Each structure stands twice: as structure tokens, then as C-alpha cells.
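Trainee: One file is attached below, target-v2.csv, containing CSV, C-alpha atoms and all ligand atoms.
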chain,number,residue,atom,x,y,z
A,251,MET,CA,-54.2,33.3,133.2
A,252,ALA,CA,-53.3,30.5,135.6
A,253,ASN,CA,-56.0,29.4,138.1
A,254,LEU,CA,-55.4,31.6,141.1
A,255,GLN,CA,-58.5,30.7,143.0
A,256,ILE,CA,-58.0,29.5,146.6
A,257,ASN,CA,-60.1,28.4,149.5
A,258,LEU,CA,-59.4,30.2,152.8
A,259,CYS,CA,-61.3,28.9,155.9
A,260,GLY,CA,-64.3,27.9,153.7
A,261,LEU,CA,-64.3,31.1,151.7
A,262,THR,CA,-63.6,30.9,148.0
A,263,LEU,CA,-61.3,33.7,146.9
A,264,LYS,CA,-60.8,34.7,143.3
A,265,ASN,CA,-57.1,35.2,144.0
A,266,PRO,CA,-54.8,34.8,147.0
A,267,THR,CA,-53.9,38.5,147.5
A,268,VAL,CA,-55.0,40.0,150.8
A,269,LEU,CA,-55.1,43.7,151.5
A,270,ALA,CA,-52.8,43.9,154.6
A,271,SER,CA,-54.3,45.6,157.7
A,272,GLY,CA,-53.4,49.3,158.0
A,273,ILE,CA,-53.5,50.4,154.4
A,274,LEU,CA,-56.7,51.6,152.7
A,275,GLY,CA,-58.6,49.8,155.4
A,276,ASP,CA,-60.2,52.6,157.5
A,277,SER,CA,-63.2,53.6,155.4
A,278,ALA,CA,-65.6,52.2,152.9
A,279,ASN,CA,-64.1,54.4,150.1
A,280,ALA,CA,-60.5,53.2,150.8
A,281,LEU,CA,-61.6,49.6,151.0
A,282,LYS,CA,-63.4,50.0,147.6
A,283,ARG,CA,-60.1,51.3,146.0
A,284,ALA,CA,-58.3,48.1,147.1
A,285,ALA,CA,-61.2,45.9,145.9
A,286,ASP,CA,-61.1,47.7,142.5
A,287,GLY,CA,-57.3,47.1,142.5
A,288,GLY,CA,-58.0,43.4,142.4
A,289,ALA,CA,-57.5,42.1,146.0
A,290,GLY,CA,-59.0,38.7,146.7
A,291,ILE,CA,-59.9,39.7,150.3
A,292,LEU,CA,-59.5,42.9,152.3
A,293,THR,CA,-58.3,43.4,155.9
A,294,THR,CA,-59.6,46.5,157.6
A,295,LYS,CA,-57.5,48.8,159.7
A,296,SER,CA,-57.3,47.4,163.2
A,297,ILE,CA,-60.3,48.6,165.1
A,298,THR,CA,-60.4,49.5,168.8
A,299,PRO,CA,-63.5,49.9,171.0
A,300,GLU,CA,-63.3,53.7,170.9
A,301,LYS,CA,-62.1,56.1,168.2
A,302,LYS,CA,-58.3,56.7,168.3
A,303,GLU,CA,-56.4,59.7,166.8
A,304,GLY,CA,-53.1,58.1,166.5
A,305,HIS,CA,-49.6,59.6,166.8
A,306,LYS,CA,-48.7,63.1,165.5
A,307,PRO,CA,-46.4,63.4,162.4
A,308,PRO,CA,-43.8,62.6,161.6
A,309,ASN,CA,-45.3,59.1,161.8
A,310,ILE,CA,-43.7,57.6,158.6
A,311,VAL,CA,-40.1,57.4,157.6
A,312,SER,CA,-39.2,56.2,154.1
A,313,LEU,CA,-36.2,53.8,153.8
A,314,LYS,CA,-36.3,54.0,150.0
A,315,GLU,CA,-35.8,50.5,148.5
A,316,LEU,CA,-35.7,48.9,152.0
A,317,GLY,CA,-39.3,49.9,152.8
A,318,MET,CA,-40.4,52.1,155.6
A,319,ILE,CA,-40.9,52.6,159.3
A,320,ASN,CA,-44.3,53.8,160.5
A,321,ALA,CA,-45.8,54.6,163.9
A,322,MET,CA,-49.4,55.7,163.2
A,323,GLY,CA,-50.6,54.7,166.6
A,324,LEU,CA,-53.6,52.8,165.4
A,325,PRO,CA,-55.7,55.7,164.3
A,326,ASN,CA,-59.2,54.4,163.6
A,327,PRO,CA,-62.9,55.5,163.9
A,328,GLY,CA,-63.8,53.0,166.7
A,329,ALA,CA,-66.1,50.0,166.5
A,330,GLU,CA,-69.5,51.9,166.4
A,331,ASN,CA,-68.5,54.3,163.6
A,332,PHE,CA,-66.7,51.6,161.7
A,333,SER,CA,-69.8,49.4,161.6
A,334,LYS,CA,-71.4,52.0,159.4
A,335,GLU,CA,-68.4,52.0,157.0
A,336,ILE,CA,-68.7,48.2,156.7
A,337,GLU,CA,-72.4,48.6,155.9
A,338,ILE,CA,-71.6,51.2,153.2
A,339,PHE,CA,-68.8,49.0,151.7
A,340,ARG,CA,-71.1,46.0,151.6
A,341,LYS,CA,-73.4,47.8,149.3
A,342,GLN,CA,-70.6,48.7,146.9
A,343,SER,CA,-68.5,45.5,146.7
A,344,GLU,CA,-68.7,41.7,147.0
A,345,THR,CA,-65.0,41.4,147.9
A,346,PRO,CA,-64.9,39.6,151.3
A,347,LEU,CA,-63.7,41.3,154.4
A,348,ILE,CA,-61.4,40.4,157.3
A,349,VAL,CA,-62.2,42.5,160.3
A,350,SER,CA,-59.0,43.3,162.2
A,351,ILE,CA,-59.3,44.0,165.9
A,352,ALA,CA,-56.8,45.5,168.3
A,353,GLY,CA,-56.9,46.2,172.0
A,354,LYS,CA,-55.0,46.6,175.3
A,355,THR,CA,-57.1,44.1,177.2
A,356,VAL,CA,-59.1,40.9,176.5
A,357,ASN,CA,-62.2,43.0,177.2
A,358,ASP,CA,-61.2,45.4,174.4
A,359,TYR,CA,-61.0,42.6,171.9
A,360,LEU,CA,-64.3,41.2,173.1
A,361,LYS,CA,-66.1,44.6,172.9
A,362,VAL,CA,-65.0,45.1,169.3
A,363,ALA,CA,-65.7,41.4,168.3
A,364,GLU,CA,-69.2,41.7,169.7
A,365,LYS,CA,-69.9,44.9,167.8
A,366,ILE,CA,-68.4,44.2,164.4
A,367,GLY,CA,-67.0,40.7,164.4
A,368,ASN,CA,-69.9,39.2,162.5
A,369,LEU,CA,-70.1,42.1,160.0
A,370,GLY,CA,-67.2,40.8,158.0
A,371,ASN,CA,-66.5,37.3,156.6
A,372,VAL,CA,-63.5,36.6,158.9
A,373,VAL,CA,-62.0,38.1,162.1
A,374,GLU,CA,-58.2,38.8,162.6
A,375,LEU,CA,-56.9,39.6,166.0
A,376,ASN,CA,-54.0,42.0,165.8
A,377,LEU,CA,-51.8,40.6,168.6
A,378,SER,CA,-48.6,42.3,167.5
A,379,CYS,CA,-49.0,46.1,167.0
A,380,PRO,CA,-45.6,47.6,167.8
A,381,ASN,CA,-46.8,51.2,168.2
A,382,ILE,CA,-49.2,51.3,171.1
A,383,GLU,CA,-48.6,50.5,174.8
A,384,HIS,CA,-49.2,46.8,175.4
A,385,GLY,CA,-49.8,46.3,171.7
A,386,MET,CA,-47.4,43.4,171.3
A,387,GLU,CA,-48.0,41.7,174.7
A,388,PHE,CA,-50.8,39.4,173.5
A,389,GLY,CA,-48.7,38.0,170.7
A,390,GLN,CA,-45.7,37.4,172.9
A,391,SER,CA,-47.3,35.0,175.4
A,392,THR,CA,-48.8,31.6,174.6
A,393,GLU,CA,-51.2,32.1,177.5
A,394,LEU,CA,-52.5,35.5,176.5
A,395,ALA,CA,-52.7,34.7,172.8
A,396,SER,CA,-54.7,31.5,173.5
A,397,GLU,CA,-57.0,33.2,176.0
A,398,VAL,CA,-58.0,36.0,173.7
A,399,THR,CA,-58.4,33.6,170.8
A,400,LYS,CA,-60.6,31.2,172.8
A,401,LYS,CA,-62.8,34.0,174.1
A,402,VAL,CA,-63.3,35.7,170.8
A,403,LYS,CA,-64.1,32.4,169.2
A,404,GLU,CA,-66.9,32.0,171.7
A,405,ILE,CA,-68.7,35.1,170.7
A,406,VAL,CA,-68.4,35.3,166.9
A,407,ASN,CA,-69.8,33.0,164.2
A,408,VAL,CA,-67.0,33.6,161.6
A,409,PRO,CA,-63.5,32.1,161.3
A,410,VAL,CA,-61.0,33.8,163.7
A,411,GLY,CA,-57.3,34.2,163.0
A,412,VAL,CA,-54.4,35.8,164.8
A,413,LYS,CA,-51.8,38.2,163.4
A,414,LEU,CA,-48.4,37.6,164.9
A,415,GLY,CA,-45.2,39.6,164.9
A,416,PRO,CA,-41.5,38.6,164.5
A,417,ASN,CA,-40.3,40.1,167.7
A,418,VAL,CA,-40.9,37.0,169.8
A,419,GLY,CA,-38.8,34.0,171.0
A,420,LYS,CA,-40.5,31.3,169.0
A,421,ILE,CA,-43.3,32.5,166.7
A,422,GLU,CA,-44.2,28.9,165.9
A,423,GLU,CA,-45.0,28.2,169.5
A,424,ILE,CA,-47.3,31.2,169.8
A,425,ALA,CA,-49.0,30.0,166.5
A,426,ALA,CA,-49.4,26.5,167.9
A,427,SER,CA,-51.0,27.7,171.1
A,428,CYS,CA,-53.5,29.8,169.0
A,429,GLU,CA,-54.3,26.8,166.9
A,430,LYS,CA,-54.9,24.7,170.0
A,431,ALA,CA,-57.2,27.5,171.3
A,432,GLY,CA,-59.3,27.2,168.2
A,433,ALA,CA,-57.7,29.8,165.8
A,434,ASP,CA,-58.7,29.1,162.2
A,435,PHE,CA,-55.7,30.7,160.5
A,436,ILE,CA,-52.4,32.6,161.3
A,437,THR,CA,-51.3,35.8,159.7
A,438,ALA,CA,-47.6,36.2,159.7
A,439,ILE,CA,-46.0,38.7,160.1
A,440,ASN,CA,-46.7,42.1,161.5
A,441,THR,CA,-44.0,44.8,161.3
A,442,MET,CA,-40.8,44.6,163.2
A,443,PRO,CA,-39.9,47.3,165.9
A,444,ALA,CA,-37.4,49.7,164.3
A,445,LEU,CA,-35.8,53.2,164.7
A,446,ALA,CA,-34.6,56.0,162.5
A,447,ILE,CA,-32.4,58.8,163.7
A,448,ASP,CA,-32.4,62.5,162.5
A,449,LEU,CA,-28.7,63.3,162.5
A,450,GLU,CA,-29.3,67.1,162.5
A,451,LYS,CA,-31.8,67.1,165.3
A,452,GLU,CA,-29.8,64.3,167.1
A,453,LYS,CA,-33.0,62.5,168.0
A,454,PRO,CA,-35.4,59.8,166.6
A,455,ILE,CA,-37.4,61.0,163.6
A,456,LEU,CA,-40.7,59.6,164.6
A,457,THR,CA,-42.7,61.3,167.4
A,458,ASN,CA,-43.3,57.8,168.8
A,459,LYS,CA,-39.5,57.3,168.7
A,460,THR,CA,-39.8,53.6,167.4
A,461,GLY,CA,-42.1,52.3,164.7
A,462,GLY,CA,-42.8,49.2,162.7
A,463,LEU,CA,-40.5,48.2,159.8
A,464,SER,CA,-42.3,47.0,156.7
A,465,GLY,CA,-41.4,46.4,153.0
A,466,PRO,CA,-38.6,44.5,151.3
A,467,ALA,CA,-36.3,44.5,154.3
A,468,LEU,CA,-38.8,42.5,156.2
A,469,LYS,CA,-39.3,39.8,153.5
A,470,PRO,CA,-36.6,37.3,154.5
A,471,ILE,CA,-37.6,37.5,158.2
A,472,ALA,CA,-41.3,37.0,157.2
A,473,LEU,CA,-40.4,34.0,155.1
A,474,ALA,CA,-38.5,32.4,157.9
A,475,CYS,CA,-41.5,32.9,160.2
A,476,VAL,CA,-44.0,31.4,157.7
A,477,TYR,CA,-41.6,28.5,157.1
A,478,LYS,CA,-41.4,27.7,160.9
A,479,ILE,CA,-45.1,28.1,161.5
A,480,TYR,CA,-46.0,25.8,158.5
A,481,LYS,CA,-43.9,23.1,160.2
A,482,THR,CA,-45.9,23.5,163.4
A,483,VAL,CA,-49.5,24.1,162.6
A,484,LYS,CA,-52.2,22.6,160.2
A,485,ILE,CA,-54.3,25.8,159.9
A,486,PRO,CA,-53.7,28.0,156.8
A,487,ILE,CA,-51.2,30.9,157.0
A,488,ILE,CA,-51.6,34.3,155.4
A,489,GLY,CA,-48.0,35.2,154.6
A,490,LEU,CA,-46.9,38.8,154.3
A,491,GLY,CA,-43.9,41.1,154.7
A,492,GLY,CA,-42.3,42.9,151.7
A,493,ILE,CA,-44.3,41.2,148.9
A,494,SER,CA,-44.2,43.4,145.8
A,495,SER,CA,-44.0,40.9,142.9
A,496,GLY,CA,-45.4,37.6,141.8
A,497,LYS,CA,-42.1,35.9,142.5
A,498,ASP,CA,-42.1,37.3,146.1
A,499,ALA,CA,-45.6,35.8,146.5
A,500,ALA,CA,-44.4,32.5,145.0
A,501,GLU,CA,-41.6,32.3,147.7
A,502,PHE,CA,-44.3,32.7,150.4
A,503,PHE,CA,-46.4,29.9,148.9
A,504,MET,CA,-43.4,27.6,148.8
A,505,ALA,CA,-42.6,28.5,152.4
A,506,GLY,CA,-46.1,27.4,153.4
A,507,ALA,CA,-48.5,30.3,153.0
A,508,SER,CA,-52.0,29.7,151.6
A,509,ALA,CA,-52.6,33.4,150.8
A,510,VAL,CA,-50.4,36.5,150.6
A,511,GLY,CA,-50.8,40.0,152.1
A,512,ILE,CA,-50.0,43.1,150.1
A,513,GLY,CA,-49.2,46.3,152.1
A,514,THR,CA,-46.3,48.6,151.8
A,515,VAL,CA,-45.9,48.3,148.0
A,516,ILE,CA,-49.3,50.0,147.7
A,517,TYR,CA,-47.5,53.3,148.7
A,518,THR,CA,-45.4,53.1,145.6
A,519,LYS,CA,-47.4,51.2,143.0
A,520,GLY,CA,-50.9,52.1,144.1
A,521,PRO,CA,-54.0,49.9,144.6
A,522,ASN,CA,-53.3,48.1,141.3
A,523,SER,CA,-50.5,46.3,143.2
A,524,PHE,CA,-52.9,43.3,143.6
A,525,LYS,CA,-53.4,43.0,139.8
A,526,ILE,CA,-49.6,43.3,139.2
A,527,VAL,CA,-48.8,40.6,141.8
A,528,CYS,CA,-51.5,38.3,140.3
A,529,ASN,CA,-50.4,38.8,136.7
A,530,GLU,CA,-46.8,38.1,137.6
A,531,LEU,CA,-47.7,35.1,139.8
A,532,SER,CA,-49.8,33.7,136.9
A,533,GLU,CA,-47.0,34.1,134.5
A,534,PHE,CA,-44.6,32.3,136.9
A,535,MET,CA,-47.0,29.4,137.4
A,536,GLN,CA,-47.5,29.0,133.6
A,537,GLU,CA,-43.7,29.1,133.0
A,538,LYS,CA,-43.1,26.5,135.7
A,539,GLY,CA,-46.2,24.4,134.9
A,540,TYR,CA,-48.1,24.7,138.2
A,541,ALA,CA,-51.8,24.0,137.6
A,542,ASN,CA,-52.9,25.7,140.8
A,543,LEU,CA,-51.7,27.3,144.0
A,544,ASN,CA,-52.1,24.1,146.0
A,545,GLU,CA,-49.3,22.6,144.0
A,546,MET,CA,-46.9,25.3,145.3
A,547,ILE,CA,-47.9,25.5,148.9
A,548,GLY,CA,-45.1,24.1,151.2
A,549,LEU,CA,-42.9,23.0,148.3
A,550,ALA,CA,-39.8,24.3,150.0
A,551,HIS,CA,-40.3,21.8,152.9
A,552,LYS,CA,-39.9,18.7,150.6
A,553,GLY,CA,-36.7,16.9,150.3
B,601,LIG,C1,-49.5,50.3,163.3
B,601,LIG,C2,-50.0,49.2,163.7
B,601,LIG,C3,-49.5,48.0,163.4
B,601,LIG,O1,-50.0,46.8,163.8
B,601,LIG,C4,-48.3,48.0,162.6
B,601,LIG,O2,-47.8,46.8,162.2
B,601,LIG,C5,-47.8,49.1,162.2
B,601,LIG,C6,-48.4,50.3,162.6
B,601,LIG,C7,-50.0,51.6,163.7
B,601,LIG,O3,-51.2,52.0,163.5
B,601,LIG,O4,-49.2,52.4,164.4
Now, as a test, write the supplied structure out as C-alpha cells.
Mentor:
Amino acid sequence: MANLQINLCGLTLKNPTVLASGILGDSANALKRAADGGAGILTTKSITPEKKEGHKPPNIVSLKELGMINAMGLPNPGAENFSKEIEIFRKQSETPLIVSIAGKTVNDYLKVAEKIGNLGNVVELNLSCPNIEHGMEFGQSTELASEVTKKVKEIVNVPVGVKLGPNVGKIEEIAASCEKAGADFITAINTMPALAIDLEKEKPILTNKTGGLSGPALKPIALACVYKIYKTVKIPIIGLGGISSGKDAAEFFMAGASAVGIGTVIYTKGPNSFKIVCNELSEFMQEKGYANLNEMIGLAHKG
């Protein structure tokens, strides 16, 4: 096995695979399944101040080999209830946690950060949820993105990153404004707003009408975003969007990612997706003679 260890914001991870937010992240049990599947670090479901039920089904559309569109509507147990899940998880696993936070206002982010921000190892601000009202606004404005970053940084003791989406003018400018406001890392990218139509019913399939596109169709878009952000900021990037193999992960490292998120593929290959990606990545590195991941990060920017 090649050396897959990385350092992310001062944390040593056994491997660079990150459970993406939204999958297996809403309870201690689900998080444990991802930890057992081999993830290097786990991102929770985005947590809001109060419990949220989310959108009614249909809330997922499969696009087969292209991926899927989902509009869950951020169902989550709320900050108070989720703090208990984190406590339970902590007793079961040593795998570090990224606590993901979502909100409609700066105050929402601050409330959740105050309650559970320090219970994980890292905080990620979801500034790009496509499925709730105002969910993407923070990630579409350099002013709002930096304001929320700065204020959350003031009240938590752990590293704070921001998760950005592709549906913006210049993602690298948003990333740069967050770095300036004190962000410790960037996660790129969230899902892309998308639609599927039911031809028989002559209307959108999802109850929310639009949803977020994830999976293989998102990969080239995500790679372009990571590539542009790497040119603009110095803080590490967690790259994600359609990664389902070791070679997919290698593309993200070469584009500039320091770690890679795994999400949609878990629906088809299960929690062992982390082990699968790590084994394939290790094989690729050995074949090519890369001694460690640092040798690969940003390679596509040379020459
Ligand atoms: C949801 C939230 C997201 O940030 C996303 O990318 C996709 C779906 C949701 O819960 O609806």
C-alpha cells in the first residue's frame, strides 16, 4: 500500500477520503458505517438550529450512470439533538469529524456553531445548498461569504472551512474572499441545480421541482472549480464531485485538491467505497512511482 496519509489543517488523516456531507452523516450509527468503510474523515449532514423534516418524496431521481438529482431539503435533527449523536459517535470511533452547518441567516450559522462547532475536529459552512430558500445566497456573494466565515471563526476553536457550489460567477473569487476572512480550507464543490421532467405527468419529478445534480456528470465541472481555486488560494481544498475510483481521486489531486470527498458512489457501492478508492489510488501511485500524495497535489498546474 502506498502512503496515503495526509495533513489537513493540522489533523493527520490515515487517508485522504472524506465522507461528503449529506450521506450517512445524520446519526452516530450512519457515521460509524462510513468510518468502518474506511473514510479518513467524516462530514456530518448539514445541521440547522432547529430540526427540519425536509421535502416529501419523490426527493431523489436516478440518472443512472450520470449520477442523480436530489432535493432532500436538509432534513436533520437540529443542533441540540445532533450534539447527542456526536457524543455517541465519539465513544464508538476515533475517525475525526467535520461538523457541517447550514442556515438562512448569519445568526443561524452562529447558533449552530456555538452549540456544536467545537464538538467535531473541524467546521464546514455549507454556503451552497441548492434545495432550501436562500440556501445558495451565502456562497454567491463575496461579502456574505466572508462575513459568515469571519463571525464563525470568532466563536469556535477548531479550523473553519466553507463549502462552495458551482452555480456562481467566479468560484475562485468567493474562495479568495473566504480565505481573506480567515477560512482554513475550501470544499469544492456542492451539487449543481438541476431538473428532471416526468413526461407522463408533464411536470417536474421532484416535489421541490429542482434539485442538486451529483455523481459522474458533475466531475469535470468540479475539477475545473478545484483547478481555478488552487490558482487563487493557499489554503487546502477538499475536492469532490463524482469521484468513484482511485483514478478519479488522482485527477482531483493533480487539479489541486489536498483531500477528496466521496458521496454519490456510496449509493451504488456502499460504505466500502472509501476502501475501494484508497486501494485503487494506492495502486495508481505505485504504478506511477509517487511516494506520497503531496507529490501529486497541483501537478496539472506545472508546465
Ligand atoms: C441537499 C443539500 C445540499 O447541500 C445538497 O448539495 C444537496 C441536497 C438537501 O438536503 O436537500
Trainee: Compute the set of protein, DNA and RNA residues whose minimum atom distance to ligand LIG 601 (chain B) is at most 9 Å, using all atoms listed in the file, and state it as number ranges by chain.
Mentor: A: 271-272, 295-296, 304-305, 309, 319-326, 352, 376-382, 385-386, 413, 415, 439-443, 461-464
Trainee: I'd like the interatomic distance between CA of Ser495 (chain A) and CA of Lys552 (chain A), to a tenth of an Å.
Mentor: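 Separation of CA of Ser495 (chain A) and CA of Lys552 (chain A): 23.9 Å.
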Trainee: Between A:Asn371, A:Ser396, A:Asn522, A:Thr482, single out the one closest to Leu258 (chain A), counting all atoms listed in the file.
Mentor: A:Asn371
Trainee: Find the distance between CA of Ile310 (chain A) and CA of Glu452 (chain A) and write it in Å to one decimal.
Mentor: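 So the answer is 17.6 Å.
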Trainee: Taking all atoms listed in the file into account, name the residue in A:Cys259, A:Leu292, A:Leu313, A:Ile471 that is nearest to Ser508 (chain A).
Mentor: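 Smallest distance to Ser508 (chain A) is found for A:Cys259.
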Trainee: For a quick check of understanding, using only C-alpha atoms, which of A:Ala446, A:Leu473, A:Val483, A:Met546 has the smallest distance to Glu429 (chain A)?
Mentor: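 Closest candidate: A:Val483.
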Trainee: Of the candidates A:Gly367, A:Pro308, A:Gly389, A:Pro521, which shows the shortest atom-to-atom distance to Val406 (chain A), using all atoms listed in the file?
Mentor: A:Gly367
Trainee: Which polymer residues have any atom within 12 Å of an atom of Thr294 (chain A), counting only C-alpha atoms, with same-chain residues fewer than 5 positions away left out, as an NGL selection string?
Mentor: :A and (268-282 or 284-285 or 324 or 326-329 or 332-333 or 335-336 or 339 or 346-352 or 366-367 or 369-376 or 513)
Trainee: Using all atoms listed in the file, can you tell me which of A:Asn368, A:Phe435, A:Thr355, A:Val311 comes closest to Glu397 (chain A)?
Mentor: A:Thr355
Trainee: How many Å lie between CA of Gly492 (chain A) and CA of Leu456 (chain A), rounded to one decimal?
Mentor: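 Value for the CA of Gly492 (chain A)-CA of Leu456 (chain A) distance: 21.2 Å.
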Trainee: List every protein, DNA or RNA residue that has at least one atom no more than 6 Å from (-52.5, 35.7, 173.9) in the file's coordinates, counting all atoms listed in the file, and write the result as a PyMOL selection string.
Mentor: chain A and resi 388-389+391-398
Trainee: The residues within 6 Å of (-57.3, 33.5, 150.7), using all atoms listed in the file and the coordinates of the file, should be reported as an mmCIF file with C-alpha atoms, in the frame of the given file; which are they?
Mentor:
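As a result, part_29.cif now contains:
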data_model
loop_
_atom_site.group_PDB
_atom_site.id
_atom_site.type_symbol
_atom_site.label_atom_id
_atom_site.label_comp_id
_atom_site.auth_asym_id
_atom_site.auth_seq_id
_atom_site.Cartn_x
_atom_site.Cartn_y
_atom_site.Cartn_z
ATOM 1 C CA ILE A 256 -58.000 29.500 146.600
ATOM 2 C CA ASN A 257 -60.100 28.400 149.500
ATOM 3 C CA LEU A 258 -59.400 30.200 152.800
ATOM 4 C CA LEU A 263 -61.300 33.700 146.900
ATOM 5 C CA PRO A 266 -54.800 34.800 147.000
ATOM 6 C CA ALA A 509 -52.600 33.400 150.800
#
Trainee: Write out as a list of chain:residue names each polymer residue whose atoms come within 10 Å of Thr518 (chain A), counting all atoms listed in the file; drop sequence neighbours fewer than 3 positions from it.
Mentor: A:Gly317, A:Ser494, A:Thr514, A:Val515, A:Pro521, A:Ser523
Trainee: Need to verify the contact set: Ile488 (chain A), 7 Å, only C-alpha atoms, exclusion of same-chain residues closer than 3 positions in sequence. Can you return it as a list in words?
Mentor: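 That gives Ile436, Thr437, Ala438, Ala507, Ser508, Ala509, Val510 and Gly511 of chain A.
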Trainee: With distances taken over all atoms listed in the file, which of A:Thr457, A:Gln390, A:Asp498, A:Asn407 is nearest to Ser427 (chain A)?
Mentor: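 The closest residue to Ser427 (chain A) is A:Gln390.
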Trainee: Just the residues within 10 Å of Lys314 (chain A), please, counting all atoms listed in the file, with nothing from its chain fewer than 4 positions along; format it as a PyMOL selection string.
Mentor: chain A and resi 318+465-466
Trainee: Residues at most 6 Å from Gly491 (chain A), counting all atoms listed in the file, excluding those fewer than 5 positions away in the same chain, as JSON, numbers by chain?
Mentor: {"A": [468, 469, 472]}
Trainee: Give me a file of those residues, with C-alpha atoms, as a PDB file, in the coordinates of the input.
Mentor:
ATOM      1  CA  LEU A 468     -38.800  42.500 156.200  1.00  0.00           C
ATOM      2  CA  LYS A 469     -39.300  39.800 153.500  1.00  0.00           C
ATOM      3  CA  ALA A 472     -41.300  37.000 157.200  1.00  0.00           C
TER       4      ALA A 472
END
Trainee: What would region 417-425 of chain A look like with all heavy atoms restored, written as a short mmCIF file (atom, residue, chain, number, x, y, z; two decimals), in the coordinates of the input?
Mentor:
data_model
loop_
_atom_site.label_atom_id
_atom_site.label_comp_id
_atom_site.auth_asym_id
_atom_site.auth_seq_id
_atom_site.Cartn_x
_atom_site.Cartn_y
_atom_site.Cartn_z
N ASN A 417 -41.16 39.77 166.60
CA ASN A 417 -40.30 40.10 167.70
C ASN A 417 -40.65 39.26 168.96
O ASN A 417 -41.00 39.76 170.02
CB ASN A 417 -40.56 41.62 168.07
CG ASN A 417 -39.45 42.21 168.89
OD1 ASN A 417 -38.30 41.76 168.77
ND2 ASN A 417 -39.76 43.17 169.73
N VAL A 418 -40.57 37.95 168.76
CA VAL A 418 -40.90 37.00 169.80
C VAL A 418 -39.84 35.89 169.82
O VAL A 418 -39.09 35.75 168.84
CB VAL A 418 -42.27 36.33 169.58
CG1 VAL A 418 -43.39 37.34 169.70
CG2 VAL A 418 -42.35 35.64 168.23
N GLY A 419 -39.79 35.12 170.90
CA GLY A 419 -38.80 34.00 171.00
C GLY A 419 -39.08 33.02 169.86
O GLY A 419 -38.32 32.89 168.90
N LYS A 420 -40.18 32.29 169.98
CA LYS A 420 -40.50 31.30 169.00
C LYS A 420 -41.93 31.52 168.45
O LYS A 420 -42.91 31.10 169.07
CB LYS A 420 -40.41 29.87 169.58
CG LYS A 420 -38.99 29.49 169.91
CD LYS A 420 -38.82 28.00 170.00
CE LYS A 420 -37.35 27.68 169.97
NZ LYS A 420 -37.00 26.38 170.47
N ILE A 421 -42.01 32.12 167.30
CA ILE A 421 -43.30 32.50 166.70
C ILE A 421 -44.15 31.21 166.49
O ILE A 421 -45.37 31.23 166.62
CB ILE A 421 -43.15 33.32 165.45
CG1 ILE A 421 -44.48 34.00 165.08
CG2 ILE A 421 -42.58 32.52 164.29
CD1 ILE A 421 -44.36 35.05 163.98
N GLU A 422 -43.48 30.10 166.17
CA GLU A 422 -44.20 28.90 165.90
C GLU A 422 -44.93 28.33 167.12
O GLU A 422 -45.97 27.69 167.02
CB GLU A 422 -43.34 27.83 165.19
CG GLU A 422 -42.20 27.26 166.03
CD GLU A 422 -40.92 28.11 166.01
OE1 GLU A 422 -41.00 29.33 165.78
OE2 GLU A 422 -39.84 27.53 166.24
N GLU A 423 -44.35 28.62 168.29
CA GLU A 423 -45.00 28.20 169.50
C GLU A 423 -46.24 28.99 169.84
O GLU A 423 -47.25 28.47 170.32
CB GLU A 423 -44.01 28.19 170.70
CG GLU A 423 -43.00 27.09 170.59
CD GLU A 423 -41.98 27.08 171.73
OE1 GLU A 423 -42.10 27.91 172.66
OE2 GLU A 423 -41.07 26.24 171.66
N ILE A 424 -46.15 30.28 169.56
CA ILE A 424 -47.30 31.20 169.80
C ILE A 424 -48.42 30.70 168.78
O ILE A 424 -49.59 30.57 169.15
CB ILE A 424 -46.99 32.64 169.49
CG1 ILE A 424 -45.72 33.07 170.22
CG2 ILE A 424 -48.19 33.52 169.80
CD1 ILE A 424 -45.88 33.52 171.64
N ALA A 425 -48.02 30.44 167.54
CA ALA A 425 -49.00 30.00 166.50
C ALA A 425 -49.65 28.71 166.94
O ALA A 425 -50.87 28.55 166.84
CB ALA A 425 -48.29 29.85 165.16
#
